[in-house]
Amino acid sequence: MNDTSHTEEKKNFIDGLWLAGVVVALMWIVKLAEVNFDYDFSSFGIRPGKSSGLKGIFLSVFLHKDFLHLFNNSLPLFVAIVSLKYFYTRNSLKILILLWLLSGFITWLIGSEGIHIGASGWVYACLSFLFFGSLFSRNNNFLAFSLVLVFLYGAMIWGIIP
């Protein structure tokens, strides 16, 4: 590896840390504001099949039932965002936004009745994208990394299935 590619990889990693930090910090700020102002923001979540629930596609990832729910989404989302920024440098923002909106829209289309909040759908979309992308990348390091992610976070799927 030459110095230029090493410097570029380091920059991509640092950019990923920064982006992931901002997103996760926003989630925590929203939860802290909710607790501090004694207000339940969950009404801004996704309401499947209802036009009033469409705003939740954009907002639900920042809303969490409690601190445990938020904590359980924070680390996997942080890792997923850093990984996407590192492995898909040029397209990472487009991919992240697309997966965010797509996971919310699918929840709006097929979700069970009620209000859906949290970033779990986005986390699963990102981790799935990383895993399947690694299968087609022909990059053994990327494949090995994605297998570690599946091992670490694969069991989370049981938390999303009703």
# chains A, B, ... in the order shown; residues from 1 in each chain; ligands from 1
$ closest_atom_pairs --of "stretch 34-103 of chain A" --to "stretch 139-158 of chain A" --cutoff "9 Å" --atoms "only C-alpha atoms" --output "Markdown table"
| residue | atom | partner | partner_atom | distance |
| --- | --- | --- | --- | --- |
| A:Pro76 | CA | A:Tyr153 | CA | 7.2 |
| A:Val79 | CA | A:Leu149 | CA | 8.8 |
| A:Ala80 | CA | A:Leu149 | CA | 8.7 |
| A:Phe87 | CA | A:Phe142 | CA | 7.7 |
$ write_last_selection --atoms "C-alpha atoms" --output "PDB file, in the first residue's frame"
ATOM      1  CA  PRO A  76     -24.416  -1.166  15.517  1.00  0.00           C
ATOM      2  CA  VAL A  79     -20.236   0.638  13.124  1.00  0.00           C
ATOM      3  CA  ALA A  80     -22.457   0.360  10.037  1.00  0.00           C
ATOM      4  CA  PHE A  87     -15.939   0.687   1.938  1.00  0.00           C
TER       5      PHE A  87
END
$ residues_around --residues "stretch 34-37 of chain A" --least-positions-apart "2" --cutoff "12 Å" --atoms "only C-alpha atoms" --output "ChimeraX atom specification"
/A:27-32,39-43,62-67
$ atom_distance --atom1 "atom CA of A:Gly16" --atom2 "atom CA of A:Tyr86"
6.5 Å
$ closest_residue --among "A:Ile115, A:Val23, A:Ile14, A:Ile46" --to "A:Ile97" --atoms "only C-alpha atoms"
A:Val23
$ closest_atom_pairs --of "stretch 10-111 of chain A" --to "stretch 119-132 of chain A" --cutoff "12 Å" --atoms "only C-alpha atoms" --output "JSON lines"
{"residue": "A:Val23", "atom": "CA", "partner": "A:Ala119", "partner_atom": "CA", "distance": 10.8}
{"residue": "A:Val24", "atom": "CA", "partner": "A:Ala119", "partner_atom": "CA", "distance": 10.1}
{"residue": "A:Met27", "atom": "CA", "partner": "A:Ala119", "partner_atom": "CA", "distance": 9.2}
{"residue": "A:Gly45", "atom": "CA", "partner": "A:Ala119", "partner_atom": "CA", "distance": 10.9}
{"residue": "A:Ile46", "atom": "CA", "partner": "A:Ala119", "partner_atom": "CA", "distance": 11.5}
{"residue": "A:Gly56", "atom": "CA", "partner": "A:Ala119", "partner_atom": "CA", "distance": 11.4}
{"residue": "A:Ile57", "atom": "CA", "partner": "A:Trp122", "partner_atom": "CA", "distance": 10.5}
{"residue": "A:Phe58", "atom": "CA", "partner": "A:Ala119", "partner_atom": "CA", "distance": 10.8}
{"residue": "A:Leu59", "atom": "CA", "partner": "A:Ala119", "partner_atom": "CA", "distance": 9.7}
{"residue": "A:Ser60", "atom": "CA", "partner": "A:Ala119", "partner_atom": "CA", "distance": 7.0}
{"residue": "A:Val61", "atom": "CA", "partner": "A:Ala119", "partner_atom": "CA", "distance": 4.2}
{"residue": "A:Phe62", "atom": "CA", "partner": "A:Ala119", "partner_atom": "CA", "distance": 7.0}
{"residue": "A:Leu63", "atom": "CA", "partner": "A:Ala119", "partner_atom": "CA", "distance": 7.8}
{"residue": "A:His64", "atom": "CA", "partner": "A:Ala119", "partner_atom": "CA", "distance": 8.0}
{"residue": "A:Lys65", "atom": "CA", "partner": "A:Ala119", "partner_atom": "CA", "distance": 11.0}
{"residue": "A:His69", "atom": "CA", "partner": "A:Ala119", "partner_atom": "CA", "distance": 9.3}
{"residue": "A:Leu70", "atom": "CA", "partner": "A:Ala119", "partner_atom": "CA", "distance": 8.3}
{"residue": "A:Phe71", "atom": "CA", "partner": "A:Ala119", "partner_atom": "CA", "distance": 10.7}
{"residue": "A:Asn72", "atom": "CA", "partner": "A:Ser120", "partner_atom": "CA", "distance": 8.8}
{"residue": "A:Asn73", "atom": "CA", "partner": "A:Ala119", "partner_atom": "CA", "distance": 6.1}
{"residue": "A:Ser74", "atom": "CA", "partner": "A:Ala119", "partner_atom": "CA", "distance": 8.4}
{"residue": "A:Leu75", "atom": "CA", "partner": "A:Val123", "partner_atom": "CA", "distance": 9.7}
{"residue": "A:Pro76", "atom": "CA", "partner": "A:Val123", "partner_atom": "CA", "distance": 6.6}
{"residue": "A:Leu77", "atom": "CA", "partner": "A:Val123", "partner_atom": "CA", "distance": 5.3}
{"residue": "A:Phe78", "atom": "CA", "partner": "A:Val123", "partner_atom": "CA", "distance": 9.0}
{"residue": "A:Val79", "atom": "CA", "partner": "A:Leu127", "partner_atom": "CA", "distance": 9.1}
{"residue": "A:Ala80", "atom": "CA", "partner": "A:Cys126", "partner_atom": "CA", "distance": 6.0}
{"residue": "A:Ile81", "atom": "CA", "partner": "A:Cys126", "partner_atom": "CA", "distance": 7.6}
{"residue": "A:Val82", "atom": "CA", "partner": "A:Cys126", "partner_atom": "CA", "distance": 10.6}
{"residue": "A:Ser83", "atom": "CA", "partner": "A:Leu130", "partner_atom": "CA", "distance": 7.8}
{"residue": "A:Leu84", "atom": "CA", "partner": "A:Leu130", "partner_atom": "CA", "distance": 7.0}
{"residue": "A:Lys85", "atom": "CA", "partner": "A:Leu130", "partner_atom": "CA", "distance": 10.7}
{"residue": "A:Tyr86", "atom": "CA", "partner": "A:Leu130", "partner_atom": "CA", "distance": 10.8}
{"residue": "A:Phe87", "atom": "CA", "partner": "A:Leu130", "partner_atom": "CA", "distance": 8.5}
{"residue": "A:Tyr88", "atom": "CA", "partner": "A:Leu130", "partner_atom": "CA", "distance": 9.3}
{"residue": "A:Ser92", "atom": "CA", "partner": "A:Cys126", "partner_atom": "CA", "distance": 10.4}
{"residue": "A:Leu93", "atom": "CA", "partner": "A:Cys126", "partner_atom": "CA", "distance": 11.7}
{"residue": "A:Lys94", "atom": "CA", "partner": "A:Cys126", "partner_atom": "CA", "distance": 12.0}
{"residue": "A:Ile95", "atom": "CA", "partner": "A:Cys126", "partner_atom": "CA", "distance": 8.5}
{"residue": "A:Leu96", "atom": "CA", "partner": "A:Cys126", "partner_atom": "CA", "distance": 7.3}
{"residue": "A:Ile97", "atom": "CA", "partner": "A:Trp122", "partner_atom": "CA", "distance": 9.5}
{"residue": "A:Leu98", "atom": "CA", "partner": "A:Ala125", "partner_atom": "CA", "distance": 9.6}
{"residue": "A:Leu99", "atom": "CA", "partner": "A:Ala125", "partner_atom": "CA", "distance": 5.9}
{"residue": "A:Trp100", "atom": "CA", "partner": "A:Trp122", "partner_atom": "CA", "distance": 5.2}
{"residue": "A:Leu101", "atom": "CA", "partner": "A:Trp122", "partner_atom": "CA", "distance": 8.3}
{"residue": "A:Leu102", "atom": "CA", "partner": "A:Trp122", "partner_atom": "CA", "distance": 8.4}
{"residue": "A:Ser103", "atom": "CA", "partner": "A:Gly121", "partner_atom": "CA", "distance": 5.5}
{"residue": "A:Gly104", "atom": "CA", "partner": "A:Gly121", "partner_atom": "CA", "distance": 7.2}
{"residue": "A:Phe105", "atom": "CA", "partner": "A:Gly121", "partner_atom": "CA", "distance": 10.2}
{"residue": "A:Ile106", "atom": "CA", "partner": "A:Gly121", "partner_atom": "CA", "distance": 9.1}
{"residue": "A:Thr107", "atom": "CA", "partner": "A:Gly121", "partner_atom": "CA", "distance": 8.0}
{"residue": "A:Trp108", "atom": "CA", "partner": "A:Gly121", "partner_atom": "CA", "distance": 11.4}
{"residue": "A:Gly111", "atom": "CA", "partner": "A:Gly121", "partner_atom": "CA", "distance": 11.0}
$ write_last_selection --atoms "C-alpha atoms" --output "compact mmCIF listing (two decimals), in the first residue's frame"
# COMPACT_ATOMS: atom_id res chain seq x y z
CA VAL A 23 -25.87 10.77 13.55
CA VAL A 24 -25.65 8.87 16.84
CA MET A 27 -30.26 10.35 18.34
CA GLY A 45 -42.88 7.67 14.43
CA ILE A 46 -44.05 5.61 11.47
CA GLY A 56 -42.09 8.98 10.55
CA ILE A 57 -40.10 7.66 7.60
CA PHE A 58 -37.78 10.64 8.13
CA LEU A 59 -38.01 10.98 11.91
CA SER A 60 -38.37 7.51 13.41
CA VAL A 61 -34.64 6.66 13.38
CA PHE A 62 -34.07 9.46 15.89
CA LEU A 63 -36.83 8.30 18.26
CA HIS A 64 -36.41 5.53 20.81
CA LYS A 65 -38.61 4.03 23.51
CA HIS A 69 -33.47 0.85 23.04
CA LEU A 70 -31.26 3.79 22.03
CA PHE A 71 -28.12 2.13 23.38
CA ASN A 72 -28.90 -1.10 21.50
CA ASN A 73 -29.19 0.83 18.21
CA SER A 74 -26.26 3.21 18.76
CA LEU A 75 -23.23 0.94 18.48
CA PRO A 76 -24.42 -1.17 15.52
CA LEU A 77 -25.49 1.97 13.63
CA PHE A 78 -22.18 3.66 14.43
CA VAL A 79 -20.24 0.64 13.12
CA ALA A 80 -22.46 0.36 10.04
CA ILE A 81 -22.06 4.04 9.12
CA VAL A 82 -18.28 3.98 9.59
CA SER A 83 -18.09 0.79 7.50
CA LEU A 84 -20.24 2.16 4.69
CA LYS A 85 -18.20 5.36 4.62
CA TYR A 86 -14.98 3.35 4.50
CA PHE A 87 -15.94 0.69 1.94
CA TYR A 88 -18.25 2.82 -0.25
CA SER A 92 -21.76 6.26 1.11
CA LEU A 93 -24.06 9.22 1.75
CA LYS A 94 -26.39 8.22 -1.08
CA ILE A 95 -26.45 4.64 0.20
CA LEU A 96 -27.10 5.70 3.80
CA ILE A 97 -29.94 8.03 2.85
CA LEU A 98 -31.47 5.48 0.48
CA LEU A 99 -31.34 2.72 3.11
CA TRP A 100 -32.76 5.09 5.76
CA LEU A 101 -35.72 6.07 3.58
CA LEU A 102 -36.24 2.60 2.12
CA SER A 103 -36.30 0.90 5.52
CA GLY A 104 -38.79 3.49 6.76
CA PHE A 105 -40.97 3.20 3.67
CA ILE A 106 -41.05 -0.60 3.87
CA THR A 107 -42.08 -0.30 7.52
CA TRP A 108 -44.81 2.14 6.47
CA GLY A 111 -45.50 -2.74 9.36
$ atom_distance --atom1 "atom CA of A:Gly49" --atom2 "atom CA of A:Gly114"
10.2 Å
$ closest_residue --among "A:Arg47, A:Asp38, A:Asn91, A:His6" --to "A:Ser112" --atoms "only C-alpha atoms"
A:Arg47
$ select_by_dssp --residues "stretch 7-152 of chain A" --states "helix (DSSP H, G or I)" --output "compact mmCIF listing (two decimals) with N, CA and C atoms, in the first residue's frame"
# COMPACT_ATOMS: atom_id res chain seq x y z
N THR A 7 -3.15 7.25 3.26
CA THR A 7 -3.67 8.53 3.73
C THR A 7 -5.15 8.67 3.37
N GLU A 8 -5.51 8.25 2.18
CA GLU A 8 -6.91 8.32 1.74
C GLU A 8 -7.79 7.39 2.57
N GLU A 9 -7.31 6.18 2.84
CA GLU A 9 -8.07 5.25 3.67
C GLU A 9 -8.25 5.80 5.08
N LYS A 10 -7.21 6.40 5.61
CA LYS A 10 -7.29 6.99 6.95
C LYS A 10 -8.31 8.12 6.97
N LYS A 11 -8.30 8.96 5.93
CA LYS A 11 -9.26 10.06 5.84
C LYS A 11 -10.68 9.52 5.75
N ASN A 12 -10.90 8.49 4.94
CA ASN A 12 -12.24 7.89 4.81
C ASN A 12 -12.72 7.34 6.16
N PHE A 13 -11.81 6.72 6.88
CA PHE A 13 -12.16 6.17 8.19
C PHE A 13 -12.53 7.30 9.17
N ILE A 14 -11.73 8.34 9.18
CA ILE A 14 -11.99 9.48 10.07
C ILE A 14 -13.30 10.18 9.69
N ASP A 15 -13.53 10.34 8.38
CA ASP A 15 -14.80 10.91 7.92
C ASP A 15 -15.98 10.06 8.38
N GLY A 16 -15.80 8.74 8.32
CA GLY A 16 -16.85 7.82 8.78
C GLY A 16 -17.11 7.96 10.27
N LEU A 17 -16.03 8.08 11.05
CA LEU A 17 -16.19 8.28 12.49
C LEU A 17 -16.96 9.56 12.78
N TRP A 18 -16.62 10.61 12.06
CA TRP A 18 -17.28 11.89 12.26
C TRP A 18 -18.76 11.80 11.90
N LEU A 19 -19.07 11.26 10.73
CA LEU A 19 -20.47 11.15 10.29
C LEU A 19 -21.28 10.28 11.25
N ALA A 20 -20.74 9.13 11.61
CA ALA A 20 -21.43 8.24 12.54
C ALA A 20 -21.62 8.92 13.89
N GLY A 21 -20.61 9.63 14.34
CA GLY A 21 -20.71 10.35 15.61
C GLY A 21 -21.82 11.39 15.60
N VAL A 22 -21.94 12.12 14.50
CA VAL A 22 -22.99 13.14 14.38
C VAL A 22 -24.37 12.49 14.40
N VAL A 23 -24.56 11.43 13.62
CA VAL A 23 -25.87 10.77 13.55
C VAL A 23 -26.26 10.20 14.92
N VAL A 24 -25.35 9.48 15.54
CA VAL A 24 -25.65 8.87 16.84
C VAL A 24 -25.83 9.96 17.91
N ALA A 25 -25.03 11.01 17.85
CA ALA A 25 -25.20 12.11 18.81
C ALA A 25 -26.58 12.75 18.66
N LEU A 26 -27.05 12.91 17.43
CA LEU A 26 -28.39 13.46 17.21
C LEU A 26 -29.46 12.58 17.85
N MET A 27 -29.30 11.27 17.73
CA MET A 27 -30.26 10.35 18.34
C MET A 27 -30.28 10.55 19.86
N TRP A 28 -29.11 10.68 20.45
CA TRP A 28 -29.02 10.87 21.91
C TRP A 28 -29.55 12.24 22.33
N ILE A 29 -29.28 13.26 21.54
CA ILE A 29 -29.78 14.60 21.85
C ILE A 29 -31.31 14.61 21.84
N VAL A 30 -31.90 13.94 20.85
CA VAL A 30 -33.37 13.86 20.79
C VAL A 30 -33.91 13.17 22.03
N LYS A 31 -33.29 12.05 22.42
CA LYS A 31 -33.77 11.32 23.60
C LYS A 31 -33.60 12.16 24.86
N LEU A 32 -32.47 12.83 25.00
CA LEU A 32 -32.25 13.67 26.17
C LEU A 32 -33.24 14.84 26.21
N ALA A 33 -33.54 15.42 25.06
CA ALA A 33 -34.54 16.50 25.00
C ALA A 33 -35.91 15.97 25.40
N GLU A 34 -36.24 14.79 24.92
CA GLU A 34 -37.52 14.16 25.26
C GLU A 34 -37.65 13.98 26.77
N VAL A 35 -36.60 13.48 27.39
CA VAL A 35 -36.61 13.25 28.84
C VAL A 35 -36.60 14.58 29.59
N ASN A 36 -35.75 15.49 29.15
CA ASN A 36 -35.60 16.79 29.83
C ASN A 36 -36.90 17.60 29.80
N PHE A 41 -41.96 11.89 22.17
CA PHE A 41 -41.86 12.18 20.74
C PHE A 41 -42.32 11.01 19.87
N SER A 42 -42.71 9.90 20.46
CA SER A 42 -43.03 8.71 19.67
C SER A 42 -44.18 8.93 18.70
N SER A 43 -45.01 9.94 18.93
CA SER A 43 -46.11 10.21 17.99
C SER A 43 -45.58 10.62 16.62
N PHE A 44 -44.29 10.95 16.53
CA PHE A 44 -43.67 11.31 15.26
C PHE A 44 -43.09 10.09 14.54
N SER A 51 -51.40 8.22 6.02
CA SER A 51 -50.66 9.36 5.48
C SER A 51 -50.02 10.18 6.61
N SER A 52 -50.66 10.20 7.78
CA SER A 52 -50.09 10.92 8.91
C SER A 52 -48.80 10.27 9.41
N GLY A 53 -48.57 9.03 9.03
CA GLY A 53 -47.38 8.32 9.46
C GLY A 53 -46.20 8.44 8.53
N LYS A 55 -44.41 11.05 7.84
CA LYS A 55 -43.31 11.86 8.42
C LYS A 55 -42.37 10.99 9.24
N GLY A 56 -42.91 9.89 9.76
CA GLY A 56 -42.09 8.98 10.55
C GLY A 56 -40.98 8.32 9.76
N ILE A 57 -41.16 8.23 8.45
CA ILE A 57 -40.10 7.66 7.60
C ILE A 57 -38.81 8.46 7.80
N PHE A 58 -38.94 9.76 7.96
CA PHE A 58 -37.78 10.64 8.13
C PHE A 58 -37.34 10.76 9.58
N LEU A 59 -38.29 10.66 10.51
CA LEU A 59 -38.01 10.98 11.91
C LEU A 59 -37.78 9.78 12.82
N SER A 60 -38.34 8.64 12.47
CA SER A 60 -38.37 7.51 13.41
C SER A 60 -36.99 7.03 13.86
N VAL A 61 -35.98 7.15 13.00
CA VAL A 61 -34.64 6.66 13.38
C VAL A 61 -34.05 7.45 14.55
N PHE A 62 -34.57 8.64 14.80
CA PHE A 62 -34.07 9.46 15.89
C PHE A 62 -34.88 9.29 17.17
N PHE A 67 -33.70 4.50 26.99
CA PHE A 67 -32.25 4.56 26.80
C PHE A 67 -31.67 3.20 26.40
N LEU A 68 -32.26 2.11 26.86
CA LEU A 68 -31.77 0.79 26.46
C LEU A 68 -31.99 0.58 24.96
N HIS A 69 -33.17 0.94 24.47
CA HIS A 69 -33.47 0.85 23.04
C HIS A 69 -32.46 1.69 22.25
N LEU A 70 -32.21 2.90 22.70
CA LEU A 70 -31.26 3.79 22.03
C LEU A 70 -29.85 3.21 22.08
N PHE A 71 -29.45 2.72 23.22
CA PHE A 71 -28.12 2.13 23.38
C PHE A 71 -27.94 0.94 22.43
N ASN A 72 -28.98 0.09 22.35
CA ASN A 72 -28.90 -1.10 21.50
C ASN A 72 -28.84 -0.77 20.01
N ASN A 73 -29.29 0.40 19.61
CA ASN A 73 -29.19 0.83 18.21
C ASN A 73 -27.92 1.63 17.94
N SER A 74 -27.37 2.27 18.96
CA SER A 74 -26.26 3.21 18.76
C SER A 74 -24.99 2.56 18.23
N LEU A 75 -24.50 1.54 18.89
CA LEU A 75 -23.23 0.94 18.48
C LEU A 75 -23.32 0.27 17.10
N PRO A 76 -24.35 -0.56 16.85
CA PRO A 76 -24.42 -1.17 15.52
C PRO A 76 -24.57 -0.13 14.40
N LEU A 77 -25.34 0.93 14.66
CA LEU A 77 -25.49 1.97 13.63
C LEU A 77 -24.17 2.70 13.43
N PHE A 78 -23.48 3.00 14.51
CA PHE A 78 -22.18 3.66 14.43
C PHE A 78 -21.22 2.83 13.57
N VAL A 79 -21.13 1.54 13.87
CA VAL A 79 -20.24 0.64 13.12
C VAL A 79 -20.66 0.56 11.66
N ALA A 80 -21.96 0.47 11.41
CA ALA A 80 -22.46 0.36 10.04
C ALA A 80 -22.14 1.62 9.23
N ILE A 81 -22.33 2.78 9.83
CA ILE A 81 -22.06 4.04 9.12
C ILE A 81 -20.57 4.18 8.83
N VAL A 82 -19.72 3.91 9.81
CA VAL A 82 -18.28 3.98 9.59
C VAL A 82 -17.88 3.01 8.47
N SER A 83 -18.42 1.81 8.50
CA SER A 83 -18.09 0.79 7.50
C SER A 83 -18.54 1.20 6.11
N LEU A 84 -19.75 1.71 6.00
CA LEU A 84 -20.24 2.16 4.69
C LEU A 84 -19.39 3.31 4.17
N LYS A 85 -19.03 4.23 5.04
CA LYS A 85 -18.20 5.36 4.62
C LYS A 85 -16.82 4.89 4.17
N TYR A 86 -16.30 3.87 4.82
CA TYR A 86 -14.98 3.35 4.50
C TYR A 86 -14.99 2.53 3.20
N PHE A 87 -15.94 1.60 3.08
CA PHE A 87 -15.94 0.69 1.94
C PHE A 87 -16.64 1.25 0.70
N SER A 92 -21.28 6.60 -0.24
CA SER A 92 -21.76 6.26 1.11
C SER A 92 -22.95 7.09 1.55
N LEU A 93 -22.93 8.39 1.32
CA LEU A 93 -24.06 9.22 1.75
C LEU A 93 -25.34 8.85 1.01
N LYS A 94 -25.22 8.63 -0.30
CA LYS A 94 -26.39 8.22 -1.08
C LYS A 94 -26.94 6.89 -0.57
N ILE A 95 -26.04 5.96 -0.30
CA ILE A 95 -26.45 4.64 0.20
C ILE A 95 -27.13 4.77 1.56
N LEU A 96 -26.52 5.53 2.45
CA LEU A 96 -27.10 5.70 3.80
C LEU A 96 -28.48 6.33 3.75
N ILE A 97 -28.63 7.37 2.95
CA ILE A 97 -29.94 8.03 2.85
C ILE A 97 -30.96 7.10 2.20
N LEU A 98 -30.55 6.41 1.14
CA LEU A 98 -31.47 5.48 0.48
C LEU A 98 -31.92 4.37 1.43
N LEU A 99 -30.99 3.79 2.18
CA LEU A 99 -31.34 2.72 3.11
C LEU A 99 -32.21 3.24 4.25
N TRP A 100 -31.95 4.45 4.72
CA TRP A 100 -32.76 5.09 5.76
C TRP A 100 -34.20 5.22 5.28
N LEU A 101 -34.37 5.83 4.09
CA LEU A 101 -35.72 6.07 3.58
C LEU A 101 -36.40 4.77 3.17
N LEU A 102 -35.66 3.87 2.56
CA LEU A 102 -36.24 2.60 2.12
C LEU A 102 -36.70 1.76 3.30
N SER A 103 -35.90 1.69 4.34
CA SER A 103 -36.30 0.90 5.52
C SER A 103 -37.54 1.51 6.17
N GLY A 104 -37.61 2.83 6.21
CA GLY A 104 -38.79 3.49 6.76
C GLY A 104 -40.02 3.28 5.90
N PHE A 105 -39.83 3.38 4.58
CA PHE A 105 -40.97 3.20 3.67
C PHE A 105 -41.50 1.78 3.71
N ILE A 106 -40.61 0.80 3.77
CA ILE A 106 -41.05 -0.60 3.87
C ILE A 106 -41.82 -0.81 5.17
N THR A 107 -41.35 -0.22 6.25
CA THR A 107 -42.08 -0.30 7.52
C THR A 107 -43.46 0.33 7.36
N TRP A 108 -43.53 1.47 6.69
CA TRP A 108 -44.81 2.14 6.47
C TRP A 108 -45.74 1.27 5.62
N LEU A 109 -45.16 0.56 4.65
CA LEU A 109 -45.97 -0.30 3.77
C LEU A 109 -46.47 -1.56 4.45
N ILE A 110 -45.60 -2.25 5.18
CA ILE A 110 -45.97 -3.58 5.68
C ILE A 110 -45.93 -3.73 7.19
N SER A 120 -33.60 0.40 14.17
CA SER A 120 -33.30 -1.01 13.89
C SER A 120 -33.43 -1.35 12.41
N GLY A 121 -34.47 -0.87 11.76
CA GLY A 121 -34.63 -1.15 10.33
C GLY A 121 -33.48 -0.60 9.52
N TRP A 122 -33.04 0.59 9.86
CA TRP A 122 -31.90 1.21 9.17
C TRP A 122 -30.62 0.43 9.45
N VAL A 123 -30.45 0.01 10.69
CA VAL A 123 -29.28 -0.80 11.06
C VAL A 123 -29.25 -2.07 10.23
N TYR A 124 -30.38 -2.79 10.17
CA TYR A 124 -30.43 -4.03 9.39
C TYR A 124 -30.21 -3.79 7.92
N ALA A 125 -30.75 -2.70 7.40
CA ALA A 125 -30.55 -2.39 5.98
C ALA A 125 -29.06 -2.14 5.71
N CYS A 126 -28.41 -1.38 6.57
CA CYS A 126 -26.98 -1.09 6.39
C CYS A 126 -26.13 -2.35 6.51
N LEU A 127 -26.38 -3.15 7.54
CA LEU A 127 -25.60 -4.37 7.73
C LEU A 127 -25.83 -5.36 6.60
N SER A 128 -27.07 -5.45 6.11
CA SER A 128 -27.37 -6.33 4.98
C SER A 128 -26.65 -5.85 3.72
N PHE A 129 -26.68 -4.55 3.49
CA PHE A 129 -25.99 -3.98 2.34
C PHE A 129 -24.50 -4.29 2.40
N LEU A 130 -23.91 -4.11 3.57
CA LEU A 130 -22.49 -4.41 3.73
C LEU A 130 -22.20 -5.88 3.47
N PHE A 131 -23.02 -6.77 4.04
CA PHE A 131 -22.78 -8.20 3.88
C PHE A 131 -22.90 -8.61 2.42
N PHE A 132 -24.02 -8.27 1.78
CA PHE A 132 -24.21 -8.70 0.40
C PHE A 132 -23.25 -7.99 -0.55
N GLY A 133 -22.91 -6.74 -0.24
CA GLY A 133 -21.92 -6.04 -1.04
C GLY A 133 -20.56 -6.71 -0.97
N SER A 134 -20.22 -7.21 0.21
CA SER A 134 -18.92 -7.88 0.37
C SER A 134 -18.85 -9.18 -0.42
N LEU A 135 -19.99 -9.83 -0.59
CA LEU A 135 -20.01 -11.09 -1.36
C LEU A 135 -19.63 -10.86 -2.82
N PHE A 136 -19.97 -9.68 -3.33
CA PHE A 136 -19.71 -9.37 -4.74
C PHE A 136 -18.46 -8.52 -4.95
N SER A 137 -17.79 -8.14 -3.88
CA SER A 137 -16.68 -7.19 -3.99
C SER A 137 -15.36 -7.82 -4.41
N ASN A 140 -11.29 -9.78 -0.04
CA ASN A 140 -11.32 -10.73 1.07
C ASN A 140 -11.37 -10.05 2.44
N ASN A 141 -10.71 -8.91 2.57
CA ASN A 141 -10.77 -8.18 3.85
C ASN A 141 -12.18 -7.69 4.14
N PHE A 142 -12.84 -7.18 3.11
CA PHE A 142 -14.21 -6.70 3.26
C PHE A 142 -15.14 -7.86 3.60
N LEU A 143 -14.97 -8.99 2.93
CA LEU A 143 -15.79 -10.17 3.21
C LEU A 143 -15.58 -10.65 4.64
N ALA A 144 -14.34 -10.73 5.07
CA ALA A 144 -14.05 -11.17 6.44
C ALA A 144 -14.67 -10.20 7.45
N PHE A 145 -14.54 -8.92 7.19
CA PHE A 145 -15.13 -7.91 8.08
C PHE A 145 -16.64 -8.06 8.14
N SER A 146 -17.28 -8.25 7.00
CA SER A 146 -18.74 -8.37 7.00
C SER A 146 -19.20 -9.63 7.72
N LEU A 147 -18.42 -10.69 7.64
CA LEU A 147 -18.77 -11.92 8.38
C LEU A 147 -18.67 -11.68 9.89
N VAL A 148 -17.70 -10.89 10.31
CA VAL A 148 -17.60 -10.52 11.74
C VAL A 148 -18.84 -9.72 12.14
N LEU A 149 -19.27 -8.79 11.28
CA LEU A 149 -20.48 -8.01 11.58
C LEU A 149 -21.70 -8.91 11.71
N VAL A 150 -21.82 -9.87 10.81
CA VAL A 150 -22.96 -10.81 10.88
C VAL A 150 -22.89 -11.60 12.18
N PHE A 151 -21.70 -12.04 12.54
CA PHE A 151 -21.54 -12.78 13.79
C PHE A 151 -21.92 -11.92 14.99
N LEU A 152 -21.46 -10.67 15.01
CA LEU A 152 -21.71 -9.79 16.15
C LEU A 152 -23.16 -9.32 16.23
